[in-house]
>>> print(open('coords-v6.txt').read())   # compact mmCIF, C-alpha atoms
# COMPACT_ATOMS: atom_id res chain seq x y z
CA MET D 9 76.79 23.11 61.39
CA LYS D 10 76.93 19.53 60.24
CA GLN D 11 73.16 19.27 60.45
CA HIS D 12 72.88 22.02 57.82
CA HIS D 13 74.92 19.95 55.42
CA VAL D 14 72.64 16.92 55.60
CA PRO D 15 69.82 18.30 53.39
CA LEU D 16 72.39 19.60 50.96
CA LEU D 17 74.03 16.20 50.76
CA ILE D 18 70.66 14.52 50.23
CA LEU D 19 69.78 16.98 47.47
CA ALA D 20 73.16 16.52 45.80
CA SER D 21 72.90 12.74 45.93
CA LEU D 22 69.36 12.87 44.56
CA PHE D 23 70.54 15.06 41.70
CA LEU D 24 73.44 12.74 40.93
CA PHE D 25 71.19 9.68 41.08
CA SER D 26 68.61 11.22 38.78
CA ALA D 27 71.29 12.26 36.31
CA SER D 28 72.56 8.72 36.06
CA ALA D 29 69.09 7.12 35.97
CA PHE D 30 67.62 9.12 33.09
CA GLY D 31 69.05 7.79 29.89
CA GLU D 32 70.43 9.80 27.05
CA ILE D 33 68.05 10.85 24.29
CA ARG D 34 69.78 12.25 21.25
CA VAL D 35 68.74 12.99 17.67
CA VAL D 36 70.81 10.90 15.26
CA SER D 37 69.53 12.27 11.97
CA VAL D 38 66.73 14.33 10.46
CA LYS D 39 65.47 14.04 6.91
CA GLY D 40 63.15 16.83 5.81
CA THR D 41 61.30 18.78 8.47
CA ALA D 42 61.10 17.85 12.15
CA SER D 43 60.64 19.83 15.33
CA TYR D 44 60.57 19.16 19.03
CA LYS D 45 58.57 20.93 21.65
CA THR D 46 60.36 22.36 24.59
CA GLY D 47 59.02 25.01 26.92
CA GLY D 48 55.77 25.26 24.96
CA GLN D 49 57.49 26.13 21.69
CA TRP D 50 58.31 24.08 18.62
CA VAL D 51 62.00 24.19 17.82
CA PRO D 52 63.49 22.85 14.54
CA MET D 53 65.27 19.56 15.20
CA GLN D 54 68.80 18.85 14.07
CA ALA D 55 71.15 15.91 14.32
CA GLY D 56 72.98 15.96 17.65
CA ASN D 57 70.21 17.69 19.61
CA ALA D 58 69.72 16.29 23.12
CA LEU D 59 66.08 15.81 24.10
CA ALA D 60 64.65 15.67 27.60
CA VAL D 61 62.15 13.13 28.90
CA GLY D 62 58.69 14.49 28.12
CA SER D 63 59.75 16.06 24.82
CA LYS D 64 57.32 15.94 21.93
CA VAL D 65 58.59 15.33 18.40
CA SER D 66 56.68 16.22 15.26
CA THR D 67 57.65 15.38 11.68
CA GLY D 68 56.48 16.99 8.46
CA VAL D 69 55.52 15.57 5.07
CA LYS D 70 58.16 13.20 3.64
CA SER D 71 60.23 13.74 6.77
CA THR D 72 61.88 11.29 9.13
CA ALA D 73 63.73 11.67 12.41
CA VAL D 74 65.96 9.03 13.95
CA ILE D 75 66.34 9.30 17.72
CA ARG D 76 68.66 7.31 19.94
CA ILE D 77 67.08 6.55 23.31
CA ASN D 78 69.79 4.92 25.42
CA LYS D 79 70.75 1.95 23.24
CA HIS D 80 67.43 1.81 21.40
CA THR D 81 66.72 3.47 18.07
CA LEU D 82 63.40 5.14 17.33
CA THR D 83 62.57 6.21 13.78
CA VAL D 84 59.71 8.69 13.62
CA HIS D 85 57.95 8.40 10.27
CA PRO D 86 56.37 11.29 8.27
CA LEU D 87 53.45 13.25 9.73
CA SER D 88 53.84 11.73 13.17
CA ILE D 89 53.74 13.21 16.62
CA VAL D 90 55.30 11.33 19.51
CA LYS D 91 56.11 12.02 23.13
CA ILE D 92 59.04 10.41 24.91
CA SER D 93 57.18 9.81 28.14
CA ASP D 94 59.78 7.88 30.07
CA SER D 95 63.37 6.79 29.71
CA VAL D 96 65.18 5.29 32.67
CA GLU D 97 68.34 3.27 32.37
CA THR D 98 70.15 1.50 35.21
CA ASP D 99 72.67 -1.32 35.34
CA ARG D 100 69.93 -3.92 35.57
CA SER D 101 66.96 -2.41 33.80
CA SER D 102 65.94 -0.19 30.94
CA THR D 103 62.48 1.37 30.75
CA THR D 104 61.27 3.39 27.78
CA ARG D 105 57.74 4.60 27.17
CA ILE D 106 56.68 6.31 23.99
CA GLY D 107 53.33 7.98 23.40
CA LEU D 108 52.25 8.00 19.76
CA ARG D 109 49.44 10.45 19.07
CA ARG D 110 49.44 10.20 15.28
CA GLY D 111 51.49 8.57 12.52
CA SER D 112 53.94 5.72 12.97
CA VAL D 113 57.29 4.84 14.48
CA ARG D 114 59.75 2.03 13.99
CA ALA D 115 61.59 0.94 17.10
CA LYS D 116 64.75 -1.13 17.22
CA VAL D 117 65.18 -2.31 20.77
CA ASP D 118 68.56 -3.32 22.08
CA GLU D 119 68.49 -6.85 23.43
CA ASN D 120 70.60 -7.76 26.42
CA ALA D 121 69.78 -10.85 28.44
CA ARG D 122 71.28 -9.32 31.59
CA ILE D 123 69.11 -6.21 31.47
CA LYS D 124 65.38 -6.27 32.07
CA THR D 125 64.09 -4.22 29.17
CA VAL D 126 60.67 -2.59 29.01
CA PHE D 127 59.89 -0.75 25.79
CA ARG D 128 56.29 0.35 25.28
CA VAL D 129 54.61 2.35 22.56
CA SER D 130 51.16 3.59 23.54
CA THR D 131 48.52 5.12 21.30
CA PRO D 132 45.12 6.49 22.40
CA VAL D 133 43.60 3.00 22.01
CA ALA D 134 46.28 0.40 22.72
CA THR D 135 49.79 -0.35 23.94
CA SER D 136 52.48 -2.47 22.28
CA SER D 137 55.20 -3.90 24.51
CA VAL D 138 58.29 -5.10 22.74
CA ARG D 139 59.40 -8.61 23.55
CA GLY D 140 61.69 -8.94 20.59
CA CYS D 141 63.85 -6.38 18.96
CA GLU D 142 62.14 -4.54 16.10
CA LEU D 143 58.62 -3.37 15.37
CA THR D 144 56.55 -0.69 13.69
CA VAL D 145 53.61 0.88 15.52
CA GLY D 146 51.15 3.21 13.86
CA TYR D 147 48.00 5.05 14.80
CA GLY D 148 45.39 7.01 12.91
CA PRO D 149 41.88 8.09 13.90
CA THR D 150 40.13 5.82 11.36
CA MET D 151 42.66 3.03 10.87
CA GLY D 152 43.29 2.72 14.62
CA HIS D 153 46.36 1.18 16.24
CA TYR D 154 48.47 -1.35 14.37
CA THR D 155 51.65 -3.17 15.22
CA ILE D 156 53.82 -4.93 12.69
CA GLN D 157 56.60 -7.12 14.00
CA HIS D 158 59.89 -7.26 12.09
CA ALA D 159 61.80 -9.47 14.50
CA GLY D 160 60.99 -11.19 17.77
CA ALA D 161 57.57 -10.83 19.37
CA THR D 162 55.32 -8.09 20.73
CA GLU D 163 52.51 -8.05 23.22
CA GLY D 164 49.62 -5.84 22.16
CA THR D 165 47.10 -4.75 24.75
CA GLY D 166 43.80 -3.21 23.71
CA MET D 167 41.44 -0.80 25.44
CA ASN D 168 39.74 -3.46 27.52
CA GLY D 169 43.00 -5.01 28.68
CA MET D 170 42.76 -7.91 26.26
CA SER D 171 46.21 -8.76 24.98
CA ASN D 172 47.66 -10.77 22.12
CA ILE D 173 51.23 -11.80 21.53
CA ILE D 174 52.16 -11.44 17.90
CA PHE D 175 55.14 -12.66 15.95
CA GLY D 176 56.05 -13.41 12.35
CA LYS D 177 53.53 -11.92 9.93
CA LEU D 178 50.78 -11.58 12.53
CA GLN D 179 49.57 -8.06 13.28
CA PHE D 180 47.97 -6.45 16.29
CA ARG D 181 45.17 -4.08 15.31
CA GLN D 182 42.77 -2.18 17.53
CA LYS D 183 40.29 0.32 16.16
CA ARG D 184 39.11 3.31 18.13
CA GLY D 185 35.45 2.38 18.29
CA SER D 186 36.00 -1.32 18.86
CA GLY D 187 36.13 -2.97 22.28
CA THR D 188 38.42 -5.80 21.31
CA PRO D 189 41.47 -6.08 19.06
CA GLU D 190 40.99 -7.53 15.60
CA ASN D 191 42.00 -11.07 14.80
CA PRO D 192 45.81 -11.22 14.49
CA MET D 193 45.34 -12.88 11.09
CA THR D 194 43.58 -9.77 9.69
CA GLY D 195 46.67 -8.36 8.08
CA MET D 196 47.60 -11.67 6.52
CA ASN D 197 44.88 -11.84 3.87
CA ARG D 198 47.39 -11.30 1.10
CA PHE D 199 49.50 -14.20 2.30
CA LEU D 200 46.64 -16.68 2.57
CA THR D 201 45.26 -18.92 -0.10
CA ARG D 202 42.13 -21.01 -0.07
CA THR D 203 42.59 -24.75 -0.22
CA HIS D 204 40.12 -27.57 -0.59
CA PRO D 205 40.36 -31.34 -0.67
CA LYS D 206 42.02 -32.83 -3.69
CA PHE D 207 39.47 -35.52 -4.32
CA ILE D 208 36.24 -33.63 -4.95
CA THR D 209 33.87 -33.67 -7.88
CA ARG D 210 33.68 -30.86 -10.40
CA ASP D 211 30.37 -29.70 -8.93
CA GLU D 212 31.85 -29.61 -5.45
CA GLU D 213 34.81 -27.61 -6.75
CA ARG D 214 32.43 -25.11 -8.36
CA ALA D 215 30.50 -24.85 -5.09
CA PHE D 216 33.76 -24.14 -3.24
CA ARG D 217 34.55 -21.36 -5.70
CA LEU D 218 31.09 -19.83 -5.34
CA PHE D 219 30.47 -20.22 -1.63
CA GLY D 220 33.90 -20.81 -0.11
CA ASP D 221 33.72 -22.83 3.08
CA ASP D 222 30.25 -21.58 4.07
CA PHE D 223 28.87 -25.14 3.92
CA THR D 224 31.79 -26.79 5.66
CA THR D 225 32.41 -24.43 8.56
CA TYR D 226 33.38 -26.15 11.76
CA GLN D 227 31.68 -25.03 14.94
CA PRO D 228 32.33 -22.73 16.67
CA VAL D 229 32.77 -20.35 13.76
CA THR D 230 36.22 -18.86 13.28
CA ARG D 231 34.98 -15.46 12.17
CA GLY D 232 34.99 -12.93 14.97
CA SER D 233 36.27 -15.35 17.59
CA LEU D 234 39.44 -14.59 19.45
CA ASN D 235 41.69 -16.65 21.65
CA ARG D 236 39.69 -19.82 21.02
CA SER D 237 41.35 -23.07 20.14
CA PHE D 238 39.58 -25.92 18.42
CA MET D 239 40.57 -28.89 16.34
CA VAL D 240 40.09 -28.82 12.59
CA PRO D 241 40.81 -31.97 10.56
CA VAL D 242 43.28 -31.36 7.75
CA LYS D 243 44.48 -33.96 5.28
CA MET D 244 47.66 -33.18 3.42
CA TYR D 245 48.99 -34.97 0.37
CA LEU D 246 52.64 -34.26 -0.12
CA VAL D 247 53.83 -34.84 -3.67
CA TRP D 248 57.53 -34.61 -4.37
CA PRO D 249 58.63 -34.00 -7.94
CA ARG D 250 59.84 -37.14 -9.72
CA GLN D 251 63.56 -37.39 -10.17
CA MET L 7 52.27 51.07 12.10
CA ILE L 8 54.41 50.93 8.99
CA ARG L 9 57.41 49.92 11.08
CA ALA L 10 55.41 47.10 12.69
CA ALA L 11 54.29 45.88 9.26
CA CYS L 12 57.89 45.93 8.04
CA VAL L 13 59.07 43.96 11.09
CA LEU L 14 56.29 41.43 10.55
CA ALA L 15 57.18 41.09 6.86
CA VAL L 16 60.84 40.53 7.72
CA LEU L 17 59.90 37.97 10.37
CA ILE L 18 57.71 36.06 7.92
CA ALA L 19 60.48 36.12 5.31
CA VAL L 20 63.07 34.92 7.83
CA THR L 21 60.91 32.15 9.33
CA PRO L 22 62.06 28.94 7.68
CA VAL L 23 59.61 27.11 5.45
CA SER L 24 60.11 24.00 7.59
CA ALA L 25 58.89 25.78 10.73
CA GLN L 26 55.86 27.04 8.80
CA GLN L 27 55.07 23.50 7.72
CA ILE L 28 55.25 22.13 11.27
CA GLN L 29 53.12 25.02 12.53
CA PHE L 30 50.56 24.40 9.76
CA ILE L 31 50.45 20.68 10.57
CA THR L 32 50.09 21.38 14.30
CA ASP L 33 47.25 23.84 13.69
CA LEU L 34 45.61 21.46 11.22
CA SER L 35 45.77 18.64 13.74
CA GLU L 36 43.65 20.64 16.17
CA LYS L 37 40.82 21.27 13.66
CA LYS L 38 37.51 19.48 14.09
CA VAL L 39 36.48 20.06 10.46
CA VAL L 40 39.06 20.86 7.80
CA THR L 41 38.34 22.88 4.68
CA PHE L 42 39.15 22.35 1.02
CA GLY L 43 41.77 25.09 1.37
CA ASP L 44 43.55 23.05 4.08
CA ALA L 45 43.60 20.03 1.77
CA VAL L 46 45.11 22.07 -1.06
CA THR L 47 47.86 23.41 1.21
CA ILE L 48 48.82 20.02 2.65
CA PHE L 49 48.71 18.48 -0.83
CA MET L 50 51.19 21.09 -2.02
CA TYR L 51 53.55 20.08 0.79
CA THR L 52 53.07 16.45 -0.23
CA LEU L 53 54.08 17.32 -3.78
CA GLY L 54 57.23 18.95 -2.39
CA ARG L 55 56.13 22.48 -3.27
CA ALA L 56 55.76 25.48 -0.99
CA PRO L 57 52.16 26.75 -0.87
CA ALA L 58 51.74 30.14 -2.55
CA GLY L 59 48.14 31.02 -1.72
CA PHE L 60 44.90 29.21 -2.52
CA ASP L 61 44.35 30.47 -6.08
CA ALA L 62 47.96 29.89 -7.12
CA ASP L 63 47.95 26.40 -5.55
CA VAL L 64 44.68 25.48 -7.26
CA ALA L 65 46.17 26.61 -10.57
CA VAL L 66 49.17 24.33 -10.01
CA LEU L 67 46.95 21.38 -9.12
CA LYS L 68 44.77 22.05 -12.18
CA GLU L 69 47.87 22.08 -14.33
CA MET L 70 48.78 18.68 -12.86
CA LYS L 71 45.21 17.54 -13.62
CA LEU L 72 44.54 16.75 -9.98
CA LEU L 73 41.70 19.29 -9.98
CA LYS L 74 39.38 19.71 -12.95
CA LEU L 75 36.46 21.97 -11.98
CA ASN L 76 36.37 25.65 -12.94
CA LYS L 77 35.77 26.99 -9.45
CA TYR L 78 36.62 25.77 -5.97
CA ASP L 79 35.52 27.13 -2.60
CA ARG L 80 38.40 27.54 -0.21
CA ASN L 81 36.18 27.46 2.88
CA ALA L 82 33.99 24.51 1.87
CA PRO L 83 34.17 21.66 4.41
CA LEU L 84 36.42 18.95 2.99
CA ARG L 85 34.61 15.73 2.14
CA ARG L 86 36.50 12.45 2.06
CA GLY L 87 35.53 12.05 -1.59
CA MET L 88 37.30 15.30 -2.52
CA ILE L 89 40.67 14.25 -1.10
CA ALA L 90 40.13 10.69 -2.40
CA LEU L 91 39.74 12.03 -5.95
CA MET L 92 42.95 14.08 -5.68
CA ALA L 93 44.79 11.08 -4.21
CA ALA L 94 43.45 8.65 -6.82
CA ARG L 95 44.46 10.97 -9.67
CA GLN L 96 47.93 11.58 -8.20
CA LEU L 97 48.59 7.88 -7.58
CA ARG L 98 46.81 6.77 -10.77
CA LEU L 99 44.90 4.15 -8.82
CA LYS L 100 43.43 1.26 -10.74
CA GLY L 101 41.77 -0.62 -7.92
CA SER L 102 38.24 0.28 -9.01
CA LEU L 103 36.92 -0.30 -12.52
CA PHE L 104 34.14 2.22 -11.95
CA TYR L 105 36.69 4.86 -10.94
CA LEU L 106 38.59 4.29 -14.17
CA MET L 107 35.32 4.69 -16.06
CA PHE L 108 33.73 7.63 -14.26
CA ASP L 109 36.53 9.48 -12.38
CA THR L 110 34.14 10.60 -9.61
CA GLN L 111 34.58 11.18 -5.90
CA ARG L 112 32.42 8.18 -5.06
CA TYR L 113 34.50 5.67 -7.00
CA ALA L 114 37.80 7.40 -6.16
CA HIS L 115 36.89 6.71 -2.53
CA ARG L 116 36.27 3.06 -3.40
CA ALA L 117 39.65 2.90 -5.11
CA CYS L 118 41.30 4.41 -2.03
CA VAL L 119 39.60 1.82 0.18
CA ALA L 120 40.82 -0.97 -2.12
CA GLU L 121 44.38 0.39 -1.80
CA GLU L 122 43.99 0.63 2.01
CA ILE L 123 44.53 4.40 1.92
CA MET L 124 41.14 4.81 3.57
CA ASP L 125 39.16 2.56 5.84
CA ALA L 126 36.18 0.61 4.49
CA SER L 127 33.99 1.98 7.28
CA THR L 128 34.27 5.52 5.89
CA SER L 129 32.14 7.25 3.27
CA GLU L 130 32.96 9.70 0.49
CA LEU L 131 30.50 12.13 2.11
CA ASP L 132 32.26 12.22 5.50
CA THR L 133 33.83 15.46 6.63
CA LEU L 134 37.31 15.09 8.07
CA THR L 135 39.10 16.23 11.19
CA GLY L 136 42.66 17.49 10.94
CA ASP L 137 44.10 14.20 12.19
CA GLU L 138 41.99 12.23 9.69
CA LEU L 139 43.27 14.35 6.81
CA LEU L 140 46.85 13.87 7.99
CA GLU L 141 46.25 10.11 8.20
CA VAL L 142 45.16 10.09 4.54
CA ILE L 143 48.02 12.33 3.45
CA ALA L 144 50.56 10.11 5.25
CA ALA L 145 49.26 7.07 3.33
CA VAL L 146 49.28 8.96 0.01
CA SER L 147 52.79 10.27 0.63
CA GLU L 148 54.04 6.77 1.48
CA ARG L 149 52.65 5.37 -1.77
CA MET L 150 54.07 8.26 -3.77
CA GLU L 151 57.53 7.48 -2.40
CA ALA L 152 57.01 3.78 -3.13
CA GLN L 153 56.11 4.61 -6.76
CA GLN L 154 59.31 6.62 -7.13
>>> encode(input="coords-v6.txt", output="structure tokens")
Amino acid sequence: MKQHHVPLLILASLFLFSASAFGEIRVVSVKGTASYKTGGQWVPMQAGNALAVGSKVSTGVKSTAVIRINKHTLTVHPLSIVKISDSVETDRSSTTRIGLRRGSVRAKVDENARIKTVFRVSTPVATSSVRGCELTVGYGPTMGHYTIQHAGATEGTGMNGMSNIIFGKLQFRQKRGSGTPENPMTGMNRFLTRTHPKFITRDEERAFRLFGDDFTTYQPVTRGSLNRSFMVPVKMYLVWPRQ
Amino acid sequence: MIRAACVLAVLIAVTPVSAQQIQFITDLSEKKVVTFGDAVTIFMYTLGRAPAGFDADVAVLKEMKLLKLNKYDRNAPLRRGMIALMAARQLRLKGSLFYLMFDTQRYAHRACVAEEIMDASTSELDTLTGDELLEVIAAVSERMEAQQ
């Protein structure tokens, strides 16, 4: 008789374990139109809905959905489709995997030094792993994958396994047809300004304006190179305002 | 037959507009080549209006001066230049001097590239997949909200 109870006990313990391991996924708020797919059908999403691991979420035009995944917050931006692929929470670890098929999401990851946290957002061409606490990941068929870091750092891994750690204003970008990620400085063009030595002639200054640094490029060239370090001499003249 | 038609009409009337939008977006996403009619419908959603049929929607967009030709083909494959022109007119883009001068699909596409709504590797003659159209619309919608 007791032998018959053993499989039942194992099943019950497995059920209890799984219930505690899978974290809670709950919709916090919905602005506009959003639906989630369950059982092959799209169901309108409302605040308070509980979602299961494997659920797909789709947002409409000018619509946003905020989802709480354990202690993390995921904001699904307009015209996006995401899948909550994995969400496991234990006393010592937290693992969340999001699949982003189209659009963009902003993730705010709860930081706790005692818990090993894995939070990954994957698109068809790359994966961003959060090492800090807040980031935006987007994907489109022509623009490709992009990751913008708001706080902390993120590791971006492209199609060929090449990874970059980004922080501050750096961005991780990987296009669909490209083998390697773009230079992390790509998104910083608007923040950069061209400088040249202070003591140059007027002709040299004009040449700089016309040709940039084409004549003074240090080898190896910086364009198109990734993960290469080389020394570049820079002279700086610091001038404080007179008091 | 009549009863079935009545039931269908009631079902369509009861189905929320939001569910229709998600269904339209899901269907659009699966398309390999989208049509001009698809672009008109999604643009109506972007403007916050419920689509009311191709001719009625075109009339609304003409009134808003987003479309200017006399006749449009609903089933014509959408070219990137077509949606670029609608986007550039809606957002009043000024990133291309030639667009401001000529108001054509070619230079509207250039203006969209300058504003990072479209990628520089694309052409105004490209046809679009459903996901590519949604990518453009997401960028346009984002800028529209930023302008407000």
>>> residues_around(input="coords-v6.txt", residues="D:Arg100", least_positions_apart="4", cutoff="10 Å", atoms="only C-alpha atoms", output="PyMOL selection string")
chain D and resi 120-125
>>> interface_residues(input="coords-v6.txt", of="chain D", to="chain L", cutoff="10 Å", atoms="all atoms listed in the file", output="PyMOL selection string")
chain D and resi 40-44+50-53+66-70+85-89+109-112+147-152
>>> closest_residue(input="coords-v6.txt", among="L:Ile89, L:Met107, L:Leu75, L:Ala82", to="L:Ala45", atoms="all atoms listed in the file")
L:Ile89
>>> atom_distance(input="coords-v6.txt", atom1="atom CA of D:Val35", atom2="atom CA of D:Phe180")
28.5 Å
>>> atom_distance(input="coords-v6.txt", atom1="atom CA of L:Leu131", atom2="atom CA of L:Thr110")
12.4 Å
>>> atom_distance(input="coords-v6.txt", atom1="atom CA of D:Glu163", atom2="atom CA of D:Thr81")
19.0 Å
>>> residues_around(input="coords-v6.txt", residues="L:Gly87", least_positions_apart="3", cutoff="7 Å", atoms="all atoms listed in the file", output="ChimeraX atom specification")
/L:90-91,111-112,114-115,130-131
>>> write_last_selection(input="coords-v6.txt", atoms="C-alpha atoms", output="PDB file, in the frame of the given file")
ATOM      1  CA  ALA L  90      40.130  10.690  -2.400  1.00  0.00           C
ATOM      2  CA  LEU L  91      39.740  12.030  -5.950  1.00  0.00           C
ATOM      3  CA  GLN L 111      34.580  11.180  -5.900  1.00  0.00           C
ATOM      4  CA  ARG L 112      32.420   8.180  -5.060  1.00  0.00           C
ATOM      5  CA  ALA L 114      37.800   7.400  -6.160  1.00  0.00           C
ATOM      6  CA  HIS L 115      36.890   6.710  -2.530  1.00  0.00           C
ATOM      7  CA  GLU L 130      32.960   9.700   0.490  1.00  0.00           C
ATOM      8  CA  LEU L 131      30.500  12.130   2.110  1.00  0.00           C
TER       9      LEU L 131
END
